[in-house]
$ cat run-v7.tsv   # TSV, C-alpha atoms
chain	number	residue	atom	x	y	z
Q	129	MET	CA	102.32	63.09	89.27
Q	130	LYS	CA	100.81	66.54	89.29
Q	131	ARG	CA	103.21	69.38	88.72
Q	132	HIS	CA	104.11	71.58	91.66
Q	133	LEU	CA	105.04	75.22	91.63
Q	134	VAL	CA	108.53	75.66	93.03
Q	135	ILE	CA	109.44	79.12	94.27
Q	136	SER	CA	113.05	79.24	95.28
Q	137	THR	CA	115.50	81.79	96.62
Q	138	SER	CA	119.13	81.39	97.67
Q	139	ILE	CA	118.06	80.37	101.17
Q	140	GLU	CA	114.62	78.84	100.95
Q	141	LEU	CA	112.26	76.94	98.74
Q	142	VAL	CA	108.48	76.72	98.61
Q	143	ARG	CA	106.96	73.77	96.70
Q	144	ILE	CA	103.19	73.75	96.44
Q	145	ALA	CA	100.53	72.04	94.35
Q	146	PRO	CA	98.62	74.53	92.17
Q	147	ASP	CA	95.24	73.61	93.68
Q	148	LYS	CA	96.54	74.53	97.13
Q	149	ILE	CA	97.07	78.13	96.06
Q	150	VAL	CA	94.06	80.40	96.57
Q	151	TYR	CA	95.62	83.68	95.59
Q	152	ILE	CA	98.93	85.55	95.56
Q	153	ALA	CA	98.91	89.26	96.34
Q	154	SER	CA	101.57	91.83	95.66
Q	155	ASP	CA	103.15	93.40	98.72
Q	156	GLY	CA	105.70	95.84	97.33
Q	157	ASN	CA	108.82	93.90	96.46
Q	158	TYR	CA	107.32	90.85	98.14
Q	159	SER	CA	104.26	88.74	97.54
Q	160	THR	CA	101.87	87.06	99.92
Q	161	LEU	CA	100.66	83.57	99.13
Q	162	MET	CA	97.31	82.51	100.62
Q	163	GLN	CA	97.10	78.73	100.79
Q	164	ALA	CA	93.99	76.55	100.79
Q	165	ASP	CA	94.83	75.48	104.36
Q	166	ASN	CA	94.54	79.16	105.39
Q	167	GLU	CA	98.28	79.50	105.90
Q	168	VAL	CA	99.82	82.72	104.65
Q	169	ARG	CA	103.33	82.69	103.25
Q	170	MET	CA	105.47	85.69	102.42
Q	171	LEU	CA	107.49	85.23	99.21
Q	172	SER	CA	110.50	87.35	98.40
Q	173	HIS	CA	109.56	87.65	94.73
Q	174	GLN	CA	107.56	90.29	92.93
Q	175	LEU	CA	104.20	89.24	91.56
Q	176	GLY	CA	105.40	89.50	87.94
Q	177	GLU	CA	108.20	87.03	88.66
Q	178	ILE	CA	105.74	84.58	90.18
Q	179	ALA	CA	103.44	84.95	87.17
Q	180	ARG	CA	106.37	83.98	84.94
Q	181	MET	CA	107.14	80.99	87.19
Q	182	ILE	CA	103.53	79.81	86.82
Q	183	ASP	CA	103.78	80.21	83.04
Q	184	ASN	CA	107.10	78.41	82.77
Q	185	GLN	CA	106.67	75.66	85.35
Q	186	LEU	CA	103.01	74.74	85.21
Q	187	GLY	CA	102.18	75.23	81.56
Q	188	LYS	CA	98.62	74.05	80.97
Q	189	ASP	CA	98.27	73.08	84.66
Q	190	GLY	CA	98.55	76.77	85.41
Q	191	GLU	CA	95.63	77.88	83.28
Q	192	ASN	CA	93.42	78.19	86.34
Q	193	PHE	CA	95.60	81.09	87.45
Q	194	MET	CA	94.67	84.59	86.40
Q	195	ARG	CA	96.59	87.78	86.85
Q	196	LEU	CA	94.15	90.51	87.90
Q	197	GLY	CA	95.91	93.82	87.38
Q	198	ARG	CA	99.27	94.43	88.97
Q	199	SER	CA	98.40	93.32	92.45
Q	200	LEU	CA	96.74	89.93	92.35
Q	201	ILE	CA	97.03	86.42	90.95
Q	202	ILE	CA	94.03	84.22	91.72
Q	203	ASN	CA	93.21	80.58	91.28
Q	204	SER	CA	90.05	81.01	89.23
Q	205	SER	CA	88.72	77.62	90.28
Q	206	TYR	CA	88.04	79.14	93.69
Q	207	VAL	CA	86.07	82.12	92.44
Q	208	TYR	CA	82.85	81.94	94.40
Q	209	TYR	CA	81.34	85.41	94.24
Q	210	ILE	CA	81.87	88.57	92.24
Q	211	ASN	CA	80.21	91.90	92.98
Q	212	ILE	CA	81.33	94.55	90.51
Q	213	PRO	CA	79.84	97.71	92.16
Q	214	GLN	CA	81.29	96.71	95.54
Q	215	GLN	CA	84.59	95.68	93.88
Q	216	LYS	CA	84.36	92.48	95.84
Q	217	LEU	CA	85.68	89.06	94.93
Q	218	ILE	CA	85.29	86.08	97.24
Q	219	LEU	CA	87.54	83.07	96.75
Q	220	SER	CA	86.20	80.01	98.52
Q	221	ASP	CA	85.98	76.23	98.32
Q	222	ALA	CA	82.63	76.55	100.13
Q	223	THR	CA	83.99	74.30	102.86
Q	224	SER	CA	87.11	75.32	104.66
Q	225	PHE	CA	88.05	78.82	103.54
Q	226	SER	CA	86.64	82.06	102.25
Q	227	HIS	CA	88.83	85.03	101.41
Q	228	THR	CA	87.57	88.38	100.23
Q	229	VAL	CA	89.81	90.42	97.98
Q	230	SER	CA	89.15	93.62	96.14
Q	231	ALA	CA	89.92	94.53	92.54
Q	232	SER	CA	88.98	97.28	90.12
Q	233	LYS	CA	85.53	97.22	88.54
Q	234	GLU	CA	87.02	96.79	85.07
Q	235	VAL	CA	89.02	93.76	86.16
Q	236	LEU	CA	86.01	92.16	87.87
Q	237	LYS	CA	83.88	92.83	84.82
Q	238	GLN	CA	86.41	91.04	82.61
Q	239	LEU	CA	86.72	88.17	85.10
Q	240	LYS	CA	82.95	87.76	85.20
Q	241	GLU	CA	82.81	87.70	81.39
Q	242	GLN	CA	85.64	85.17	81.28
Q	243	LEU	CA	83.89	82.84	83.73
Q	244	GLU	CA	80.58	83.17	81.94
Q	245	GLY	CA	82.40	81.61	79.03
J	239	MET	CA	110.33	98.20	85.56
J	240	GLN	CA	109.29	95.03	83.83
J	241	GLU	CA	106.49	94.22	86.23
J	242	ILE	CA	104.83	97.57	85.88
J	243	ASP	CA	105.07	97.45	82.09
J	244	ASP	CA	103.81	93.91	82.08
J	245	ILE	CA	100.17	94.45	82.88
J	246	ARG	CA	97.86	97.33	83.62
J	247	ASP	CA	95.65	97.51	86.67
J	248	ASP	CA	92.51	97.18	84.58
J	249	GLU	CA	93.67	94.09	82.71
J	250	ILE	CA	93.33	90.41	83.41
J	251	ARG	CA	95.52	87.69	81.97
J	252	ILE	CA	95.27	83.93	82.07
J	253	LEU	CA	98.58	82.42	83.15
J	254	GLY	CA	100.02	79.00	82.39
J	255	GLY	CA	101.03	78.61	78.80
J	256	ARG	CA	98.84	81.15	77.04
J	257	LYS	CA	101.55	83.73	77.08
J	258	SER	CA	100.89	85.44	73.79
J	259	ARG	CA	97.35	86.61	74.46
J	260	LEU	CA	96.73	90.09	73.25
J	261	PRO	CA	95.87	92.56	75.96
J	262	ARG	CA	92.19	93.44	76.17
J	263	SER	CA	92.86	96.99	75.01
J	264	MET	CA	94.20	95.61	71.72
J	265	TRP	CA	91.08	93.49	71.28
J	266	VAL	CA	88.93	96.55	71.93
J	267	ILE	CA	90.81	98.48	69.26
J	268	ILE	CA	90.70	95.62	66.73
J	269	LEU	CA	87.01	94.96	67.34
J	270	SER	CA	86.27	98.68	67.13
J	271	ILE	CA	88.03	98.91	63.76
J	272	LEU	CA	86.18	95.84	62.44
J	273	GLY	CA	82.93	97.19	63.80
J	274	LEU	CA	83.49	100.53	62.14
J	275	ALA	CA	84.33	98.86	58.82
J	276	ALA	CA	81.16	96.79	58.96
J	277	LEU	CA	79.27	99.87	59.90
J	278	GLY	CA	80.56	101.67	56.84
J	279	VAL	CA	78.92	99.05	54.62
J	280	ILE	CA	75.66	99.38	56.48
J	281	ILE	CA	75.85	103.15	56.29
J	282	LEU	CA	76.04	103.01	52.52
J	283	ALA	CA	72.95	100.83	52.39
J	284	VAL	CA	70.86	102.53	55.02
J	285	VAL	CA	71.23	106.23	54.32
J	286	ASN	CA	68.52	107.36	56.74
J	287	TYR	CA	70.32	106.08	59.83
J	288	ARG	CA	73.82	106.92	58.73
J	289	GLU	CA	74.66	109.90	60.91
J	290	SER	CA	73.13	108.76	64.14
J	291	GLU	CA	74.59	105.24	63.99
J	292	ALA	CA	78.05	106.40	62.98
J	293	GLU	CA	78.27	108.94	65.78
J	294	GLN	CA	77.05	106.51	68.38
J	295	LEU	CA	79.51	103.79	67.48
J	296	LYS	CA	82.49	106.10	67.13
J	297	GLU	CA	82.23	107.08	70.76
J	298	PRO	CA	85.04	105.63	72.81
J	299	GLU	CA	84.11	102.86	75.18
J	300	PRO	CA	83.60	104.58	78.51
J	301	SER	CA	84.82	101.61	80.50
J	302	TYR	CA	88.17	101.83	78.77
J	303	PHE	CA	88.85	105.12	80.53
J	304	GLU	CA	87.41	104.26	83.92
J	305	PRO	CA	89.60	105.34	86.80
J	306	VAL	CA	91.62	102.49	88.16
J	307	VAL	CA	91.06	101.50	91.74
J	308	GLU	CA	94.04	99.91	93.42
J	309	PRO	CA	93.14	96.43	94.60
J	310	LYS	CA	93.40	95.90	98.30
J	311	GLN	CA	93.38	92.70	100.23
J	312	GLU	CA	90.96	92.11	103.05
J	313	ILE	CA	91.56	89.04	105.13
J	314	THR	CA	88.09	88.05	106.21
J	315	HIS	CA	89.24	84.61	107.30
J	316	SER	CA	90.46	85.74	110.68
J	317	GLN	CA	89.09	89.31	110.57
J	318	TRP	CA	92.34	90.43	112.23
J	319	ILE	CA	95.48	91.61	110.52
J	320	GLY	CA	97.88	90.24	113.12
J	321	ARG	CA	98.46	86.55	113.50
J	322	GLN	CA	97.29	84.38	116.35
J	323	VAL	CA	100.00	83.66	118.91
J	324	ASP	CA	100.13	81.45	121.98
J	325	SER	CA	99.39	83.34	125.18
J	326	ASP	CA	102.46	81.89	126.88
J	327	LEU	CA	104.83	83.46	124.33
J	328	GLN	CA	106.89	86.45	125.43
J	329	GLY	CA	105.24	89.72	124.42
J	330	PHE	CA	106.36	91.34	121.17
J	331	MET	CA	105.28	93.68	118.40
J	332	GLU	CA	104.37	92.08	115.10
J	333	ILE	CA	105.63	94.51	112.48
J	334	LYS	CA	103.99	94.48	109.06
J	335	ASP	CA	104.67	96.76	106.12
J	336	THR	CA	101.99	97.48	103.60
J	337	THR	CA	101.01	100.13	101.07
J	338	ILE	CA	97.62	101.79	101.00
J	339	ASN	CA	96.76	104.37	98.34
J	340	ASP	CA	100.48	104.54	97.52
J	341	ILE	CA	101.26	105.41	101.16
J	342	PRO	CA	103.78	103.03	102.73
J	343	ILE	CA	102.44	102.15	106.16
J	344	ARG	CA	104.04	100.13	108.93
J	345	LEU	CA	101.72	98.34	111.33
J	346	TYR	CA	102.79	97.57	114.90
J	347	ILE	CA	100.53	94.84	116.26
J	348	PRO	CA	101.02	94.03	119.96
J	349	HIS	CA	100.96	90.45	121.18
J	350	ASN	CA	100.82	89.43	124.85
J	351	ALA	CA	101.36	93.01	125.91
J	352	GLU	CA	99.58	95.68	127.92
J	353	MET	CA	99.26	99.38	127.17
J	354	SER	CA	99.99	102.16	129.63
J	355	LEU	CA	101.13	105.76	129.53
J	356	HIS	CA	104.29	107.40	130.79
J	357	ILE	CA	105.32	111.00	131.39
J	358	GLY	CA	108.92	112.10	131.03
J	359	ARG	CA	111.96	110.62	129.32
J	360	MET	CA	111.67	106.91	128.55
J	361	ASP	CA	114.07	104.34	129.95
J	362	LYS	CA	115.41	102.70	126.82
J	363	SER	CA	117.10	99.98	128.85
J	364	ASP	CA	113.73	98.72	130.17
J	365	LYS	CA	113.50	95.39	128.39
J	366	SER	CA	109.84	94.90	129.27
J	367	ILE	CA	108.92	97.68	126.85
J	368	ILE	CA	108.07	96.46	123.36
J	369	TYR	CA	106.69	99.73	121.99
J	370	ALA	CA	106.94	103.39	122.92
J	371	ALA	CA	105.73	106.44	121.03
J	372	GLN	CA	104.80	109.97	122.03
J	373	ALA	CA	101.13	110.18	122.95
J	374	ALA	CA	99.59	113.56	123.81
J	375	ASP	CA	100.74	116.93	122.53
J	376	VAL	CA	102.39	119.46	124.81
J	377	ARG	CA	101.33	123.10	124.91
J	378	ALA	CA	103.91	125.46	123.49
J	379	ASP	CA	103.04	128.27	125.95
J	380	ASN	CA	103.16	126.59	129.35
J	381	GLY	CA	104.40	123.05	128.64
J	382	GLY	CA	101.15	121.48	129.87
J	383	ILE	CA	99.58	118.39	128.36
J	384	VAL	CA	96.99	119.14	125.69
J	385	GLY	CA	93.64	117.59	126.57
J	386	ALA	CA	92.56	115.34	129.41
J	387	PHE	CA	95.20	112.92	130.64
J	388	VAL	CA	95.05	110.21	133.32
J	389	LEU	CA	98.21	108.46	134.49
J	390	LYS	CA	97.62	105.27	136.47
J	391	GLY	CA	94.36	106.62	137.89
J	392	GLU	CA	95.73	110.10	138.55
J	393	PRO	CA	94.27	112.92	136.44
J	394	ARG	CA	97.20	115.04	135.22
J	395	ALA	CA	95.38	117.32	132.76
J	396	TRP	CA	91.83	118.30	131.95
J	397	GLY	CA	90.10	119.86	129.01
J	398	LEU	CA	88.83	119.06	125.56
J	399	SER	CA	90.89	120.46	122.76
J	400	LYS	CA	90.91	117.26	120.73
J	401	LYS	CA	88.01	114.87	120.37
J	402	GLY	CA	90.00	111.67	119.89
J	403	TYR	CA	90.72	109.59	122.96
J	404	CYS	CA	92.60	106.46	123.88
J	405	ALA	CA	92.29	104.68	127.21
J	406	SER	CA	93.73	101.57	128.79
J	407	ILE	CA	91.70	100.30	131.72
J	408	GLY	CA	92.05	96.89	133.32
J	409	GLY	CA	94.07	95.58	130.40
J	410	LYS	CA	91.54	96.66	127.77
J	411	VAL	CA	92.37	99.40	125.29
J	412	TYR	CA	89.72	101.77	124.00
J	413	VAL	CA	90.13	104.04	120.99
J	414	GLY	CA	87.36	106.42	120.01
J	415	VAL	CA	86.09	109.87	119.19
J	416	ALA	CA	83.78	111.73	121.55
J	417	GLU	CA	83.58	115.12	123.21
J	418	ASN	CA	82.77	113.57	126.51
J	419	SER	CA	83.90	110.09	127.47
J	420	PRO	CA	83.06	108.27	130.72
J	421	LEU	CA	86.38	106.50	130.22
J	422	PHE	CA	88.14	109.52	131.76
J	423	GLU	CA	86.27	108.97	135.04
J	424	GLN	CA	86.59	105.20	134.74
J	425	ALA	CA	90.34	105.46	134.21
J	426	THR	CA	90.54	107.69	137.28
J	427	GLU	CA	88.52	105.29	139.42
J	428	GLU	CA	90.17	102.08	138.26
J	429	GLY	CA	93.81	103.10	138.05
J	430	GLY	CA	93.76	103.30	134.27
J	431	TYR	CA	95.22	105.53	131.59
J	432	PHE	CA	93.57	108.09	129.30
J	433	PHE	CA	94.74	110.72	126.83
J	434	ARG	CA	93.36	112.82	124.02
J	435	GLN	CA	94.64	113.41	120.51
J	436	TYR	CA	93.38	114.39	117.06
J	437	PRO	CA	90.61	112.07	115.87
J	438	LEU	CA	91.35	110.35	112.54
J	439	VAL	CA	88.60	107.77	112.04
J	440	ALA	CA	85.25	107.51	113.83
J	441	ASP	CA	83.02	104.50	113.18
J	442	GLY	CA	84.83	103.83	109.92
J	443	GLU	CA	84.42	107.41	108.67
J	444	LEU	CA	87.26	109.84	108.02
J	445	VAL	CA	87.46	112.80	110.43
J	446	GLU	CA	88.87	116.03	109.00
J	447	ASN	CA	91.39	117.98	111.08
J	448	GLU	CA	92.59	121.56	110.99
J	449	PRO	CA	96.36	121.14	110.52
J	450	LYS	CA	97.06	120.98	106.79
J	451	GLY	CA	100.78	120.32	106.65
J	452	LYS	CA	102.52	117.09	105.76
J	453	SER	CA	104.56	115.00	108.13
J	454	ILE	CA	105.36	111.46	109.13
J	455	ARG	CA	102.09	110.37	110.69
J	456	ARG	CA	101.46	107.93	113.50
J	457	GLY	CA	98.28	106.68	115.09
J	458	ILE	CA	96.61	104.06	117.22
J	459	CYS	CA	93.74	102.13	115.70
J	460	ASP	CA	90.92	99.80	116.55
J	461	ARG	CA	89.99	97.53	113.68
J	462	GLN	CA	87.24	95.08	114.55
J	463	GLY	CA	88.54	94.99	118.10
J	464	GLU	CA	92.17	94.55	117.11
J	465	ILE	CA	94.33	97.35	118.49
J	466	PHE	CA	97.49	98.33	116.66
J	467	MET	CA	99.70	101.31	115.94
J	468	VAL	CA	100.56	102.65	112.49
J	469	GLU	CA	103.25	104.85	111.02
J	470	THR	CA	103.62	106.26	107.51
J	471	GLY	CA	106.87	105.81	105.65
J	472	THR	CA	106.42	109.12	103.84
J	473	ILE	CA	105.21	112.56	104.86
J	474	GLU	CA	101.44	112.75	104.52
J	475	SER	CA	98.58	115.13	105.27
J	476	PHE	CA	96.13	114.31	108.03
J	477	HIS	CA	93.48	113.75	105.38
J	478	ASP	CA	95.46	111.24	103.30
J	479	PHE	CA	96.64	109.43	106.42
J	480	ALA	CA	93.10	109.12	107.78
J	481	GLN	CA	91.80	108.02	104.36
J	482	ALA	CA	94.43	105.26	104.25
J	483	LEU	CA	93.27	104.05	107.66
J	484	VAL	CA	89.65	104.07	106.49
J	485	ASP	CA	90.71	102.03	103.47
J	486	LEU	CA	92.54	99.64	105.78
J	487	GLY	CA	89.16	98.97	107.39
J	488	VAL	CA	89.94	100.73	110.65
J	489	ASN	CA	86.87	101.51	112.75
J	490	GLN	CA	88.38	104.02	115.20
J	491	ALA	CA	91.72	105.80	115.11
J	492	VAL	CA	93.39	108.67	116.91
J	493	TYR	CA	96.66	110.36	116.21
J	494	LEU	CA	99.98	109.86	117.99
J	495	VAL	CA	102.70	112.49	117.83
J	496	GLY	CA	104.31	112.20	114.40
J	497	SER	CA	107.28	113.77	112.64
J	498	SER	CA	110.60	113.38	114.50
J	499	ALA	CA	109.05	112.25	117.81
J	500	TYR	CA	111.17	109.36	119.03
J	501	GLY	CA	109.99	105.86	119.79
J	502	TRP	CA	110.77	102.22	119.21
J	503	ALA	CA	109.29	98.78	118.81
J	504	VAL	CA	110.66	95.33	119.58
J	505	ASP	CA	109.72	92.40	117.37
J	506	GLU	CA	109.54	88.70	118.24
J	507	ASN	CA	113.23	88.23	117.41
J	508	ASN	CA	114.09	90.90	119.97
J	509	ILE	CA	115.14	93.28	117.23
J	510	THR	CA	114.52	96.93	118.12
J	511	TYR	CA	113.12	99.21	115.43
J	512	GLU	CA	113.59	102.87	116.26
J	513	PHE	CA	111.69	105.74	114.67
J	514	GLY	CA	111.94	109.50	114.96
J	515	GLU	CA	115.05	111.22	116.31
J	516	ASP	CA	116.43	110.00	119.61
J	517	ASN	CA	118.76	112.96	119.99
J	518	TYR	CA	116.22	115.63	119.04
J	519	TYR	CA	116.04	116.99	122.58
J	520	THR	CA	119.72	117.79	122.93
J	521	GLY	CA	121.54	121.08	122.66
J	522	ARG	CA	119.15	123.99	122.17
J	523	TYR	CA	115.97	121.88	122.36
J	524	ARG	CA	114.99	120.83	125.85
J	525	MET	CA	112.52	118.04	126.20
J	526	PRO	CA	109.27	119.34	127.76
J	527	LYS	CA	108.82	117.70	131.14
J	528	ASN	CA	105.26	116.73	130.29
J	529	THR	CA	106.22	114.79	127.18
J	530	SER	CA	104.04	111.70	127.35
J	531	TYR	CA	104.39	108.27	125.83
J	532	ILE	CA	102.12	105.41	125.00
J	533	VAL	CA	103.97	102.33	126.23
J	534	TRP	CA	103.30	98.66	125.53
J	535	ARG	CA	104.94	96.24	127.95
J	536	MET	CA	105.17	92.47	127.90
J	537	LYS	CA	102.48	90.91	130.08
$ encode --input "run-v7.tsv" --output "structure tokens"
Amino acid sequence: MKRHLVISTSIELVRIAPDKIVYIASDGNYSTLMQADNEVRMLSHQLGEIARMIDNQLGKDGENFMRLGRSLIINSSYVYYINIPQQKLILSDATSFSHTVSASKEVLKQLKEQLEG
Amino acid sequence: MQEIDDIRDDEIRILGGRKSRLPRSMWVIILSILGLAALGVIILAVVNYRESEAEQLKEPEPSYFEPVVEPKQEITHSQWIGRQVDSDLQGFMEIKDTTINDIPIRLYIPHNAEMSLHIGRMDKSDKSIIYAAQAADVRADNGGIVGAFVLKGEPRAWGLSKKGYCASIGGKVYVGVAENSPLFEQATEEGGYFFRQYPLVADGELVENEPKGKSIRRGICDRQGEIFMVETGTIESFHDFAQALVDLGVNQAVYLVGSSAYGWAVDENNITYEFGEDNYYTGRYRMPKNTSYIVWRMK
């Protein structure tokens, strides 16, 4: 069975398959999880903590996830469009969702290079 | 703080098991050193090109020092910041906290509510009110309202000292910037509401204003047709506040009275969030009788 990411606090638990995560954005001391079903979930963990959870829980299954700077973790399998001058990154499955996020030019340049192999 | 030390804003990192990757900056340094070493060998062999090649390759990589732009999230899925709610739900303010350009900003997004204006002290016990904040400024010399003002179809003040306007007519809220707006007449004819304030954003562009001080800032915004109020968590200049709204993607925005001006919002759990100072107008400060409020009530 595929591994799930489990994000737990003292009062709640979120358990989600990695391919259902589109991106996770930092929101101060909280993080916002954008799911592939277009649901948005607020998580009471900082983005760095969630990055460590992905590392520790998913291992190789988490290699699709990339930390882009301090404010964003993306599922790189959903990268659909990168425009460096406009600092624009579109994450989409080309069917049911399309989310535009913004990142620094340097980060997008590195992401583009990474995906070009 | 661990998280801040963890990664820079211009770095990317693959998660999931590859924890010991060197940061890109280290690779740049290592590759630069190797490149320079290789270059040294070439320099010895090709004397004619030595100086020009060495100088060129010793230059630091310009991209390494590029200014960092804070990422921001734009939700293009729904286009709106607030969530969709059923129309039969009781009206409430959706309260969202965010940070734009390091400015903490609280968004007050009305749901199933209607905007109007009010003059005079607010009735805090009125449970139909889900948001109240001071609207127009009051003149220091004669206590009159600054700029044109229409209260339920009745013009209460005239004049153009501020180009920003906000109107609520027939349940629709308009926010904009114009010297002359037909909405003043329309509000008068149709029993609507209209007031003027400092313009902040016009058609997505920042509008500069004269006052240069810093204060807690508030405003009402139209972003792709979604109307909401904003408030800074820190004291800001007009310029920085307006720039943050532009970066939020706001199309039109006008100011609401900031600083210690009192108001409140009620969220969907019926929790009241107060801002400003409720007891400011006590003792030696008397509340001007023309103090006006923007009021959102449950439909």
$ interface_residues --input "run-v7.tsv" --of "chain Q" --to "chain J" --cutoff "6 Å" --atoms "all atoms listed in the file" --output "mmCIF file with C-alpha atoms, in the frame of the given file"
data_model
loop_
_atom_site.group_PDB
_atom_site.id
_atom_site.type_symbol
_atom_site.label_atom_id
_atom_site.label_comp_id
_atom_site.auth_asym_id
_atom_site.auth_seq_id
_atom_site.Cartn_x
_atom_site.Cartn_y
_atom_site.Cartn_z
ATOM 1 C CA GLY Q 176 105.400 89.500 87.940
ATOM 2 C CA ILE Q 182 103.530 79.810 86.820
ATOM 3 C CA ASP Q 183 103.780 80.210 83.040
ATOM 4 C CA LEU Q 186 103.010 74.740 85.210
ATOM 5 C CA GLY Q 187 102.180 75.230 81.560
ATOM 6 C CA LYS Q 188 98.620 74.050 80.970
ATOM 7 C CA GLY Q 190 98.550 76.770 85.410
ATOM 8 C CA GLU Q 191 95.630 77.880 83.280
ATOM 9 C CA PHE Q 193 95.600 81.090 87.450
ATOM 10 C CA MET Q 194 94.670 84.590 86.400
ATOM 11 C CA ARG Q 195 96.590 87.780 86.850
ATOM 12 C CA LEU Q 196 94.150 90.510 87.900
ATOM 13 C CA GLY Q 197 95.910 93.820 87.380
ATOM 14 C CA ARG Q 198 99.270 94.430 88.970
ATOM 15 C CA HIS Q 227 88.830 85.030 101.410
ATOM 16 C CA THR Q 228 87.570 88.380 100.230
ATOM 17 C CA VAL Q 229 89.810 90.420 97.980
ATOM 18 C CA SER Q 230 89.150 93.620 96.140
ATOM 19 C CA ALA Q 231 89.920 94.530 92.540
ATOM 20 C CA SER Q 232 88.980 97.280 90.120
ATOM 21 C CA GLU Q 234 87.020 96.790 85.070
ATOM 22 C CA VAL Q 235 89.020 93.760 86.160
#
$ atom_distance --input "run-v7.tsv" --atom1 "atom CA of Gln185 of chain Q" --atom2 "atom CA of Leu133 of chain Q"
6.5 Å
$ closest_residue --input "run-v7.tsv" --among "Q:Glu177, Q:Glu167, Q:Glu140, Q:Glu244" --to "Phe225 of chain Q" --atoms "only C-alpha atoms"
Q:Glu167
$ residues_around --input "run-v7.tsv" --residues "Phe433 of chain J" --least-positions-apart "5" --cutoff "7 Å" --atoms "only C-alpha atoms" --output "count of residues only"
8
$ atom_distance --input "run-v7.tsv" --atom1 "atom CA of Ser154 of chain Q" --atom2 "atom CA of Ile319 of chain J"
16.1 Å
$ residues_near_point --input "run-v7.tsv" --point "(84.7, 93.6, 88.1)" --cutoff "9 Å" --atoms "only C-alpha atoms" --output "list in words"
Ile210, Asn211, Ile212, Pro213, Gln214, Gln215, Lys216, Leu217, Ala231, Ser232, Lys233, Glu234, Val235, Leu236, Lys237, Gln238, Leu239 and Lys240 of chain Q
$ atom_distance --input "run-v7.tsv" --atom1 "atom CA of Pro526 of chain J" --atom2 "atom CA of Ala499 of chain J"
12.2 Å
$ residues_around --input "run-v7.tsv" --residues "Gly382 of chain J" --least-positions-apart "4" --cutoff "10 Å" --atoms "all atoms listed in the file" --output "list in words"
Asp375, Val376, Arg377, Ala378, Arg394, Ala395, Pro526, Lys527, Asn528 and Thr529 of chain J
$ closest_residue --input "run-v7.tsv" --among "Q:Asn184, Q:Gln174, Q:Asn157, Q:Ser199" --to "Val134 of chain Q" --atoms "all atoms listed in the file"
Q:Asn184
$ residues_around --input "run-v7.tsv" --residues "Ile144 of chain Q" --least-positions-apart "6" --cutoff "12 Å" --atoms "all atoms listed in the file" --output "PDB file with C-alpha atoms, in the coordinates of the input"
ATOM      1  CA  LYS Q 130     100.810  66.540  89.290  1.00  0.00           C
ATOM      2  CA  ARG Q 131     103.210  69.380  88.720  1.00  0.00           C
ATOM      3  CA  HIS Q 132     104.110  71.580  91.660  1.00  0.00           C
ATOM      4  CA  LEU Q 133     105.040  75.220  91.630  1.00  0.00           C
ATOM      5  CA  VAL Q 134     108.530  75.660  93.030  1.00  0.00           C
ATOM      6  CA  ILE Q 135     109.440  79.120  94.270  1.00  0.00           C
ATOM      7  CA  SER Q 136     113.050  79.240  95.280  1.00  0.00           C
ATOM      8  CA  VAL Q 150      94.060  80.400  96.570  1.00  0.00           C
ATOM      9  CA  LEU Q 161     100.660  83.570  99.130  1.00  0.00           C
ATOM     10  CA  MET Q 162      97.310  82.510 100.620  1.00  0.00           C
ATOM     11  CA  GLN Q 163      97.100  78.730 100.790  1.00  0.00           C
ATOM     12  CA  ALA Q 164      93.990  76.550 100.790  1.00  0.00           C
ATOM     13  CA  ASP Q 165      94.830  75.480 104.360  1.00  0.00           C
ATOM     14  CA  ARG Q 169     103.330  82.690 103.250  1.00  0.00           C
ATOM     15  CA  ILE Q 182     103.530  79.810  86.820  1.00  0.00           C
ATOM     16  CA  GLN Q 185     106.670  75.660  85.350  1.00  0.00           C
ATOM     17  CA  LEU Q 186     103.010  74.740  85.210  1.00  0.00           C
TER      18      LEU Q 186
END
